[in-house]
Structures are given as structure tokens and as C-alpha cells.
Amino acid sequence: MARTPHEKRRALIAGAGIGGLAAALALSRAGFEVDIFERAATLDEAGAGVQIPPNASGILADLGVLHRLNNKALEPERLLVRSGASGAELMTMPLGREARLRWDNPMLVAHRADLQTALLEAVSEDRNIHLALDATITGLENTSSGVTLQLQMEGEEQECTGDLLVGADGAHSIVRRLAKLGIAAGFSGRVAWRAIIPVQDAPAFARAPETALWLGAKTHLVHYPLRGGSIVNIVAIAEGEWRGGDENFWATPGDARDVLHAFRHWDISARKLLEAVTDWRRWPLLDAAALPRWSQGAVTLLGDAAHPMLPFFAQGGAQAIEDAGALGAAFMPRGWQEVSIVRGLANYERTRHARATRIQTASRKQGMIYHLSGPAALVRDIGMRALPPEMVMARFDWLYEDQRGAFFT
Ligand SMILES: Cc1cc2nc3c(=O)[nH]c(=O)nc-3n(C[C@H](O)[C@H](O)[C@H](O)COP(=O)(O)OP(=O)(O)OC[C@H]3O[C@@H](n4cnc5c(N)ncnc54)[C@H](O)[C@@H]3O)c2cc1C
């Protein structure tokens with residue numbers, strides 16, 4: 001695209017999820033004018049929690065987002081792993097101050113709506129970023145000088161051109177399909193039910209400022225308090241069939257009877273927590289093989305569009321944030337020299353592809369370990385009991401260590 005000498009390059013972003021909003025902030029810092037196109041007419045994040053691990057929180061601090069979460073996010077004191085069958089404690093890992101010291105950045109849990117608000121505030125204060133809602137990407141043309149997008153905006157067909165297109169449009173990415181970068185993610189055979197309840201409705205053990213992970217045969221349960229301990233976030237995952245629901249998965253209601261049936265052999269205290277929920281939502285867990293590449297011409301993918309992953313390491317959003325940090329760094333001008341689109345995308349993919357693929361694969365494996373049954377589960381539990389907390393932390397170093405140094409190599 002022909003530009004005047006002082007005109008900024010234009011990046012187009014499909015999708016205003018965690019990944020798209022973080023990428024907009026990162027690309028603006030790298031000198032782009034950014035347009036985000038979001039299909040939804042309003043941005044209402046689901047009533048659910050999200051873990052923000054240290055490998056993501058440092059990047060959110062760089063992007064001017066983390067301080068906006070200060071009073072709203074909670075720093076759990078530890079991770080506690082328990083047996084779903086007996087309730088017995090299997091393993092603990094210190095978090096809080098010890099996590100911050102070890103991995104340089106905090107391990108946090110937050111309400112998704114609070115994270116989204118923090119990202120949106122930062123985006124709205126950045127004059128180089130423009131967010132269009134009710135704007136669905138329907139087609140694209142990858143040209144030698146950039147990208148032309150076809151959009152359905154407020155009921156009308158429109159076209160828009162840019163130097164770069166980032167497909168941050170989630171696991172069912174249309175950009176991935178239109179750029180012929182790979183096939184869609186599929187149902188993994190596991191269903192997640194999630195809920196938030198007032199703390200006064202939760203049994204005492206679920207009120208502690210910690211992340212609890214319970215492991216059972218073909219099932220597991222995660223809970224942690226949010227918003228200063230006033231509410232408790234619950235995610236219950238079980239193997240099963242997906243009986244359908246509308247496109248807006250987070251809004252698909254769940255039936256308490258299904259949850260209690262899936263967890264019927266569980267310890268009574270865990271079941272008490274599940275019984276305290278009056279409003280479940282359900283979600284099909286998606287998975288996909290790693291894409292051979294994420295970029296084609298001036299188009300690239302980011303977040304779930306590039307690497308949908310099972311949530312067993314709670315890393316999907318964190319990886320989208322890492323992608324955003326790496327994408328911005330890949331286009332940071334070297335001296336006076338602007339980085340070409342082709343070179344920048346190659347830098348981005350080189351920094352991120354292997355790590356995201358490793359986490360995608362490890363998440364799948366972690367799911368198998370979490371859901372073991374019979375003698376294999378017993379062996380797992382004995383191994384967990386034998387692990388001292390320091391060794392548990394060491395096992396997470398590769399995941400939680402600050403990646404920002406690698407973005408600029
Ligand atoms: C049960 C569960 C628990 C999880 N827990 C965690 C956790 O604790 N920590 C963590 O880091 N991750 C977690 N994840 C993963 C995390 O939620 C996702 O990886 C993350 O939200 C992906 O963000 P994204 O921006 O890539 O995609 P999305 O959030 O899917 O955003 C994509 C956006 O693109 C828009 N869009 C789609 N198509 C179009 C189009 N054609 N035109 C325009 N816009 C479009 C959508 O409306 C949407 O707003 C969890 C996932 C599950 C299922």
C-alpha cells in the first residue's frame with residue numbers, strides 16, 4: 001500500500017477477545033494504526049474466572065493492563081491438589097509471594113469481565129486503536145501489498161484494506177479457513193461446566209484464598225475465590241458427549257443433574273460445592289492438531305485461532321497474551337528501520353510456534369493424567385504425595401518463566 005512518509009502502517013485484527021485486544025495494544029506500541037473488528041454487537045464477558053499465570057501477567061503489565069486489575073484480581077496463596085474420591089490432599093505448590101519471586105511476575109485469578117474491562121480501558125485510551133463492534137469478517141484477499149477484508153458491518157457489506165491482518169477470531173476462526181491455514185478445532189470428548197456462586201453459599205474449604213484442583217476418574221474440578229473473596233469460581237470437567245448448544249458457548253445453560261451425575265462417585269465435600277450451584281453453563285472442550293504454520297502472506301493467526309488447546313494447564317488465554325507480546329516485539333523498529341511485514345511475521349512465528357505447540361501437546365497429556373482411573377490413578381497419587389513443593393514449582397518453570405527475553409532475539 002502506498003503511504004506518505006509519516007503515515008503509520010495499518011493492522012487489521014479479527015476478534016476482540018483476550019488475544020485480539022492484547023494484540024491491538026502490542027501492535028500500537030510497535031507503530032501501527034490498528035482496527036479491531038468484532039462480530040459481537042456488545043462485549044459482555046462470561047461470568048467465569050480466568051487464571052492469569054506469571055508468563056502472561058508480566059506481558060499485561062507491559063501493555064498497561066495489569067495495574068487496572070490491581071484491586072480486582074486475587075493472588076492465590078497456593079495450589080492444592082486433592083483426590084476427588086476421598087478428598088485427601090495429594091500435593092501443594094506455594095503461589096503468592098513465592099510464585100512472584102520464582103517467576104518474576106504474579107500468578108493471579110480474575111473475573112473474565114474484569115480482565116476484559118482492563119483490556120478495553122487500555123484500548124480505548126490508545127488513539128491508534130479503533131474498535132468496531134457488530135463487524136463480522138466474511139472474506140479476505142491476500143494481495144502482494146497487503147490485505148483486503150470483506151466485512152458485514154451493522155448490516156452492510158463493506159471492504160477494508162490493511163498492511164497486516166491478525167486472525168484472533170477464536171477456535172472456529174474464519175481467518176484461518178479463508179487463509180487456508182488449517183482445519184477447524186473439534187470436540188475433544190470432554191465437557192466443562194462452570195459457575196460462579198456467592199461466597200456465603202460455598203462450603204468453608206472453598207473460601208480459602210487458594211486454587212484447588214481435585215482429580216477423579218474421567219473428571220476433575222477446579223475452584224478458587226474471586227473479587228476479594230466475595231465469589232467462588234467453579235469449573236467441573238468430565239468426559240462425555242456434547243449435546244449441542246448455540247454458537248455462544250459460554251451462554252449455553254447446563255443441567256445440574258448432569259453435573260451431579262458425572263461426579264456421583266466423588267467425595268461428599270466436593271459434591272456439596274457442586275450442589276451449591278444454581279446456575280451452570282456448559283462448554284465443549286475443543287482441541288486440534290498443531291498447524292504447520294500460522295502465517296500466509298500478510299495474514300497471521302493468534303490465540304485460539306492459531307492453537308486451540310485443552311484448558312488443563314489454564315494456558316489458552318495466557319498463550320494468546322504471549323502471542324500478542326511476541327507479535328508486537330517482532331515489529332518493533334530496529335533503530336530507524338521499520339520491520340517488513342514478511343520479516344515481522346516470520347519473527348513472530350519463529351518465537352512462538354514451538355512453545356505454543358509444546359503447551360498444546362502438554363495440555364492434552366495433562367488431561368490424560370488428571371483423568372486417570374484405577375491402578376494408574378493410584379500410582380499418580382503416590383507420586384504426587386512424594387513430591388516436595390520446591391520440586392513441584394520446578395516442574396512449572398518452563399511454563400511460567402518470563403518469555404519476554406525470547407521475543408527480541
Ligand atoms: C473451561 C475453560 C477454562 C479456561 N481457563 C483458562 C484460564 O484459567 N486461563 C487461561 O489463560 N485460559 C483459559 N482458558 C482458555 C481461554 O479461555 C481461551 O484460550 C481464550 O479466551 C482465547 O482467547 P482468544 O482471544 O484467542 O479467542 P476468543 O476468546 O474466542 O475470542 C475470539 C473473538 O473473535 C470474535 N469473532 C469470531 N469470529 C469472528 C468473525 N468472523 N469476525 C469478527 N469477529 C469474530 C468472537 O466473537 C470473539 O470475541 C479456558 C478455557 C476453557 C474452555
# chains A, B, ... in the order shown; residues from 1 in each chain; ligands from 1
>>> select_by_dssp(residues="range 144-318 of chain A", states="strand (DSSP E or B)", output="count of residues only")
69
>>> residues_near_ligand(ligand="ligand 1", cutoff="8 Å", atoms="only C-alpha atoms and all ligand atoms", output="ChimeraX atom specification")
/A:14-21,37-40,43,49-53,56,109,134-138,151,168-175,192-194,235,237,283-286,302-306,308-311,313-320
>>> residues_around(residues="Ser230 in chain A", least_positions_apart="5", cutoff="12 Å", atoms="only C-alpha atoms", output="short mmCIF file (atom, residue, chain, number, x, y, z; two decimals) with C-alpha atoms, in the first residue's frame")
data_model
loop_
_atom_site.label_atom_id
_atom_site.label_comp_id
_atom_site.auth_asym_id
_atom_site.auth_seq_id
_atom_site.Cartn_x
_atom_site.Cartn_y
_atom_site.Cartn_z
CA LYS A 72 -9.90 -6.85 41.35
CA ALA A 73 -7.53 -9.77 40.77
CA LEU A 74 -6.64 -12.15 43.59
CA ALA A 110 -9.62 -12.72 37.99
CA HIS A 111 -13.16 -12.48 36.79
CA ILE A 196 -19.87 -18.57 39.99
CA ILE A 197 -21.54 -18.59 43.40
CA PRO A 198 -21.62 -16.07 46.27
CA VAL A 199 -19.00 -17.00 48.87
CA GLN A 200 -21.64 -17.41 51.57
CA ASP A 201 -23.17 -20.28 49.56
CA ALA A 202 -19.84 -22.14 49.34
CA ALA A 206 -13.82 -23.40 49.04
CA ARG A 207 -13.46 -19.96 50.62
CA ALA A 208 -9.69 -20.21 51.24
CA PRO A 209 -7.57 -17.89 49.05
CA TYR A 224 -10.93 -20.53 43.51
CA PRO A 225 -12.35 -17.37 45.07
#
>>> closest_residue(among="A:Met93, A:Met332, A:Leu79, A:Ile268", to="Arg395 in chain A", atoms="only C-alpha atoms")
A:Met93
>>> atom_distance(atom1="CA of Arg334 in chain A", atom2="CA of Gln296 in chain A")
23.4 Å
>>> select_by_dssp(residues="range 9-251 of chain A", states="alpha helix (DSSP H)", output="VMD selection string")
chain A and resid 18 to 29 54 to 62 96 to 103 112 to 124 174 to 178
>>> closest_residue(among="A:Ser295, A:Thr42, A:Gln116, A:Gln403", to="Ala346 in chain A", atoms="only C-alpha atoms")
A:Ser295
>>> residues_around(residues="range 123-127 of chain A", least_positions_apart="3", cutoff="7 Å", atoms="only C-alpha atoms", output="short mmCIF file (atom, residue, chain, number, x, y, z; two decimals) with all heavy atoms, in the first residue's frame")
data_model
loop_
_atom_site.label_atom_id
_atom_site.label_comp_id
_atom_site.auth_asym_id
_atom_site.auth_seq_id
_atom_site.Cartn_x
_atom_site.Cartn_y
_atom_site.Cartn_z
N LEU A 25 -3.00 -3.63 21.47
CA LEU A 25 -2.13 -2.80 22.30
C LEU A 25 -0.67 -2.99 21.90
O LEU A 25 0.10 -2.02 21.81
CB LEU A 25 -2.33 -3.16 23.78
CG LEU A 25 -3.71 -2.82 24.36
CD1 LEU A 25 -3.92 -3.52 25.70
CD2 LEU A 25 -3.87 -1.30 24.51
N LEU A 119 -8.57 -4.60 29.65
CA LEU A 119 -8.05 -4.55 28.28
C LEU A 119 -8.77 -3.46 27.48
O LEU A 119 -8.15 -2.67 26.76
CB LEU A 119 -8.24 -5.91 27.59
CG LEU A 119 -7.26 -7.01 28.00
CD1 LEU A 119 -7.84 -8.39 27.67
CD2 LEU A 119 -5.91 -6.85 27.29
N LEU A 120 -10.10 -3.41 27.63
CA LEU A 120 -10.88 -2.42 26.88
C LEU A 120 -10.55 -0.99 27.29
O LEU A 120 -10.51 -0.09 26.45
CB LEU A 120 -12.38 -2.67 27.06
CG LEU A 120 -12.97 -3.78 26.21
CD1 LEU A 120 -14.40 -4.08 26.63
CD2 LEU A 120 -12.93 -3.41 24.72
#
>>> closest_residue(among="A:Gly146, A:Gly189, A:Pro389, A:Pro54", to="Asp287 in chain A", atoms="only C-alpha atoms")
A:Gly189
>>> closest_residue(among="A:Ala289, A:Ala329, A:Leu181, A:Leu133", to="Gly155 in chain A", atoms="only C-alpha atoms")
A:Leu133
>>> residues_around(residues="range 87-90 of chain A", least_positions_apart="3", cutoff="6 Å", atoms="only C-alpha atoms", output="PDB file with N, CA and C atoms, in the first residue's frame")
ATOM      1  N   VAL A  81      -3.825 -29.740  45.440  1.00  0.00           N
ATOM      2  CA  VAL A  81      -4.398 -30.829  44.637  1.00  0.00           C
ATOM      3  C   VAL A  81      -4.996 -31.858  45.582  1.00  0.00           C
ATOM      4  N   ARG A  82      -6.239 -32.249  45.324  1.00  0.00           N
ATOM      5  CA  ARG A  82      -6.936 -33.201  46.200  1.00  0.00           C
ATOM      6  C   ARG A  82      -7.502 -34.364  45.392  1.00  0.00           C
ATOM      7  N   SER A  83      -7.732 -35.452  46.095  1.00  0.00           N
ATOM      8  CA  SER A  83      -8.343 -36.621  45.462  1.00  0.00           C
ATOM      9  C   SER A  83      -9.856 -36.414  45.381  1.00  0.00           C
ATOM     10  N   GLY A  84     -10.408 -36.621  44.202  1.00  0.00           N
ATOM     11  CA  GLY A  84     -11.855 -36.490  44.046  1.00  0.00           C
ATOM     12  C   GLY A  84     -12.603 -37.585  44.788  1.00  0.00           C
ATOM     13  N   ASP A 267     -16.147 -37.519  46.483  1.00  0.00           N
ATOM     14  CA  ASP A 267     -16.186 -37.212  47.911  1.00  0.00           C
ATOM     15  C   ASP A 267     -17.336 -36.242  48.215  1.00  0.00           C
ATOM     16  N   MET A 384       2.511 -37.979  43.441  1.00  0.00           N
ATOM     17  CA  MET A 384       2.216 -36.590  43.830  1.00  0.00           C
ATOM     18  C   MET A 384       2.514 -36.374  45.316  1.00  0.00           C
ATOM     19  N   ARG A 385       2.121 -37.346  46.136  1.00  0.00           N
ATOM     20  CA  ARG A 385       2.338 -37.210  47.582  1.00  0.00           C
ATOM     21  C   ARG A 385       3.823 -37.113  47.910  1.00  0.00           C
TER      22      ARG A 385
END
>>> residues_around(residues="Glu75 in chain A", least_positions_apart="6", cutoff="8 Å", atoms="only C-alpha atoms", output="compact mmCIF listing (two decimals) with all heavy atoms, in the first residue's frame")
# COMPACT_ATOMS: atom_id res chain seq x y z
N LEU A 95 2.10 -20.48 46.02
CA LEU A 95 1.95 -19.45 44.99
C LEU A 95 2.19 -18.10 45.68
O LEU A 95 3.15 -17.98 46.43
CB LEU A 95 0.56 -19.55 44.34
CG LEU A 95 0.32 -20.83 43.51
CD1 LEU A 95 -1.12 -20.91 43.04
CD2 LEU A 95 1.26 -20.89 42.31
N GLY A 96 1.37 -17.10 45.44
CA GLY A 96 1.52 -15.81 46.11
C GLY A 96 2.94 -15.26 45.95
O GLY A 96 3.50 -15.25 44.85
N PRO A 106 3.41 -12.04 38.99
CA PRO A 106 2.41 -12.69 39.85
C PRO A 106 1.56 -13.75 39.13
O PRO A 106 1.32 -13.65 37.94
CB PRO A 106 1.52 -11.53 40.30
CG PRO A 106 1.67 -10.50 39.25
CD PRO A 106 3.07 -10.64 38.70
N MET A 107 1.13 -14.72 39.90
CA MET A 107 0.10 -15.67 39.47
C MET A 107 -1.22 -15.13 40.01
O MET A 107 -1.38 -14.96 41.22
CB MET A 107 0.41 -17.05 40.06
CG MET A 107 -0.75 -18.00 40.07
SD MET A 107 -1.28 -18.48 38.43
CE MET A 107 -0.38 -19.97 38.18
N LEU A 108 -2.16 -14.84 39.14
CA LEU A 108 -3.41 -14.19 39.56
C LEU A 108 -4.63 -14.98 39.10
O LEU A 108 -4.55 -15.76 38.14
CB LEU A 108 -3.50 -12.79 38.94
CG LEU A 108 -2.38 -11.81 39.29
CD1 LEU A 108 -2.45 -10.58 38.40
CD2 LEU A 108 -2.45 -11.41 40.75
N VAL A 109 -5.74 -14.76 39.77
CA VAL A 109 -7.02 -15.21 39.24
C VAL A 109 -7.94 -13.98 39.20
O VAL A 109 -7.87 -13.12 40.07
CB VAL A 109 -7.66 -16.34 40.09
CG1 VAL A 109 -6.88 -17.63 39.96
CG2 VAL A 109 -7.82 -15.95 41.55
N PRO A 209 -8.16 -18.59 50.21
CA PRO A 209 -7.57 -17.89 49.05
C PRO A 209 -6.55 -18.76 48.33
O PRO A 209 -5.35 -18.52 48.37
CB PRO A 209 -6.91 -16.65 49.69
CG PRO A 209 -6.61 -17.08 51.09
CD PRO A 209 -7.64 -18.09 51.49
>>> decode(residues="range 21-35 of chain A", atoms="all heavy atoms", output="tab-separated table (two decimals), in the first residue's frame")
chain	number	residue	atom	x	y	z
A	21	LEU	N	-7.54	-8.04	21.72
A	21	LEU	CA	-7.35	-6.76	22.43
A	21	LEU	C	-5.88	-6.58	22.83
A	21	LEU	O	-5.30	-5.50	22.69
A	21	LEU	CB	-8.25	-6.69	23.67
A	21	LEU	CG	-9.77	-6.66	23.38
A	21	LEU	CD1	-10.57	-6.79	24.66
A	21	LEU	CD2	-10.17	-5.37	22.64
A	22	ALA	N	-5.26	-7.68	23.32
A	22	ALA	CA	-3.84	-7.59	23.72
A	22	ALA	C	-2.97	-7.33	22.48
A	22	ALA	O	-2.03	-6.52	22.53
A	22	ALA	CB	-3.41	-8.87	24.42
A	23	ALA	N	-3.31	-7.96	21.36
A	23	ALA	CA	-2.52	-7.76	20.14
A	23	ALA	C	-2.64	-6.32	19.65
A	23	ALA	O	-1.66	-5.73	19.16
A	23	ALA	CB	-2.99	-8.72	19.04
A	24	ALA	N	-3.82	-5.73	19.79
A	24	ALA	CA	-4.00	-4.33	19.36
A	24	ALA	C	-3.07	-3.42	20.15
A	24	ALA	O	-2.41	-2.53	19.59
A	24	ALA	CB	-5.46	-3.92	19.56
A	25	LEU	N	-3.00	-3.63	21.47
A	25	LEU	CA	-2.13	-2.80	22.30
A	25	LEU	C	-0.67	-2.99	21.90
A	25	LEU	O	0.10	-2.02	21.81
A	25	LEU	CB	-2.33	-3.16	23.78
A	25	LEU	CG	-3.71	-2.82	24.36
A	25	LEU	CD1	-3.92	-3.52	25.70
A	25	LEU	CD2	-3.87	-1.30	24.51
A	26	ALA	N	-0.29	-4.24	21.65
A	26	ALA	CA	1.11	-4.53	21.32
A	26	ALA	C	1.48	-3.94	19.95
A	26	ALA	O	2.57	-3.38	19.78
A	26	ALA	CB	1.34	-6.04	21.34
A	27	LEU	N	0.58	-4.05	18.98
A	27	LEU	CA	0.89	-3.54	17.63
A	27	LEU	C	0.89	-2.01	17.61
A	27	LEU	O	1.67	-1.40	16.88
A	27	LEU	CB	-0.10	-4.10	16.61
A	27	LEU	CG	0.13	-5.58	16.25
A	27	LEU	CD1	-1.02	-6.12	15.39
A	27	LEU	CD2	1.47	-5.78	15.52
A	28	SER	N	0.03	-1.41	18.42
A	28	SER	CA	0.04	0.05	18.51
A	28	SER	C	1.40	0.52	19.02
A	28	SER	O	2.00	1.46	18.51
A	28	SER	CB	-1.08	0.52	19.42
A	28	SER	OG	-0.88	1.87	19.77
A	29	ARG	N	1.93	-0.19	20.04
A	29	ARG	CA	3.25	0.17	20.58
A	29	ARG	C	4.35	-0.02	19.54
A	29	ARG	O	5.39	0.62	19.59
A	29	ARG	CB	3.57	-0.65	21.83
A	29	ARG	CG	2.95	-0.05	23.06
A	29	ARG	CD	2.81	-1.10	24.16
A	29	ARG	NE	2.24	-0.51	25.36
A	29	ARG	CZ	0.98	-0.12	25.49
A	29	ARG	NH1	0.16	-0.23	24.48
A	29	ARG	NH2	0.55	0.40	26.62
A	30	ALA	N	4.12	-0.93	18.60
A	30	ALA	CA	5.12	-1.17	17.55
A	30	ALA	C	4.95	-0.21	16.38
A	30	ALA	O	5.64	-0.34	15.37
A	30	ALA	CB	5.04	-2.62	17.08
A	31	GLY	N	4.01	0.75	16.50
A	31	GLY	CA	3.90	1.81	15.49
A	31	GLY	C	2.79	1.64	14.48
A	31	GLY	O	2.75	2.37	13.49
A	32	PHE	N	1.87	0.71	14.71
A	32	PHE	CA	0.75	0.51	13.77
A	32	PHE	C	-0.47	1.32	14.19
A	32	PHE	O	-0.69	1.55	15.38
A	32	PHE	CB	0.33	-0.96	13.74
A	32	PHE	CG	1.24	-1.87	12.95
A	32	PHE	CD1	2.37	-2.41	13.55
A	32	PHE	CD2	0.96	-2.17	11.63
A	32	PHE	CE1	3.22	-3.26	12.84
A	32	PHE	CE2	1.79	-3.02	10.92
A	32	PHE	CZ	2.93	-3.56	11.52
A	33	GLU	N	-1.25	1.70	13.21
A	33	GLU	CA	-2.63	2.13	13.42
A	33	GLU	C	-3.43	0.83	13.42
A	33	GLU	O	-3.19	-0.02	12.54
A	33	GLU	CB	-3.02	2.98	12.20
A	33	GLU	CG	-4.30	3.72	12.29
A	33	GLU	CD	-4.15	5.05	13.03
A	33	GLU	OE1	-3.06	5.64	13.02
A	33	GLU	OE2	-5.15	5.46	13.63
A	34	VAL	N	-4.32	0.62	14.38
A	34	VAL	CA	-4.95	-0.70	14.49
A	34	VAL	C	-6.48	-0.59	14.41
A	34	VAL	O	-7.08	0.24	15.09
A	34	VAL	CB	-4.56	-1.38	15.83
A	34	VAL	CG1	-5.15	-2.79	15.90
A	34	VAL	CG2	-3.06	-1.42	16.03
A	35	ASP	N	-7.07	-1.45	13.59
A	35	ASP	CA	-8.53	-1.56	13.56
A	35	ASP	C	-8.92	-2.96	14.01
A	35	ASP	O	-8.46	-3.95	13.43
A	35	ASP	CB	-9.05	-1.38	12.12
A	35	ASP	CG	-9.00	0.07	11.70
A	35	ASP	OD1	-9.87	0.84	12.14
A	35	ASP	OD2	-8.04	0.42	10.98
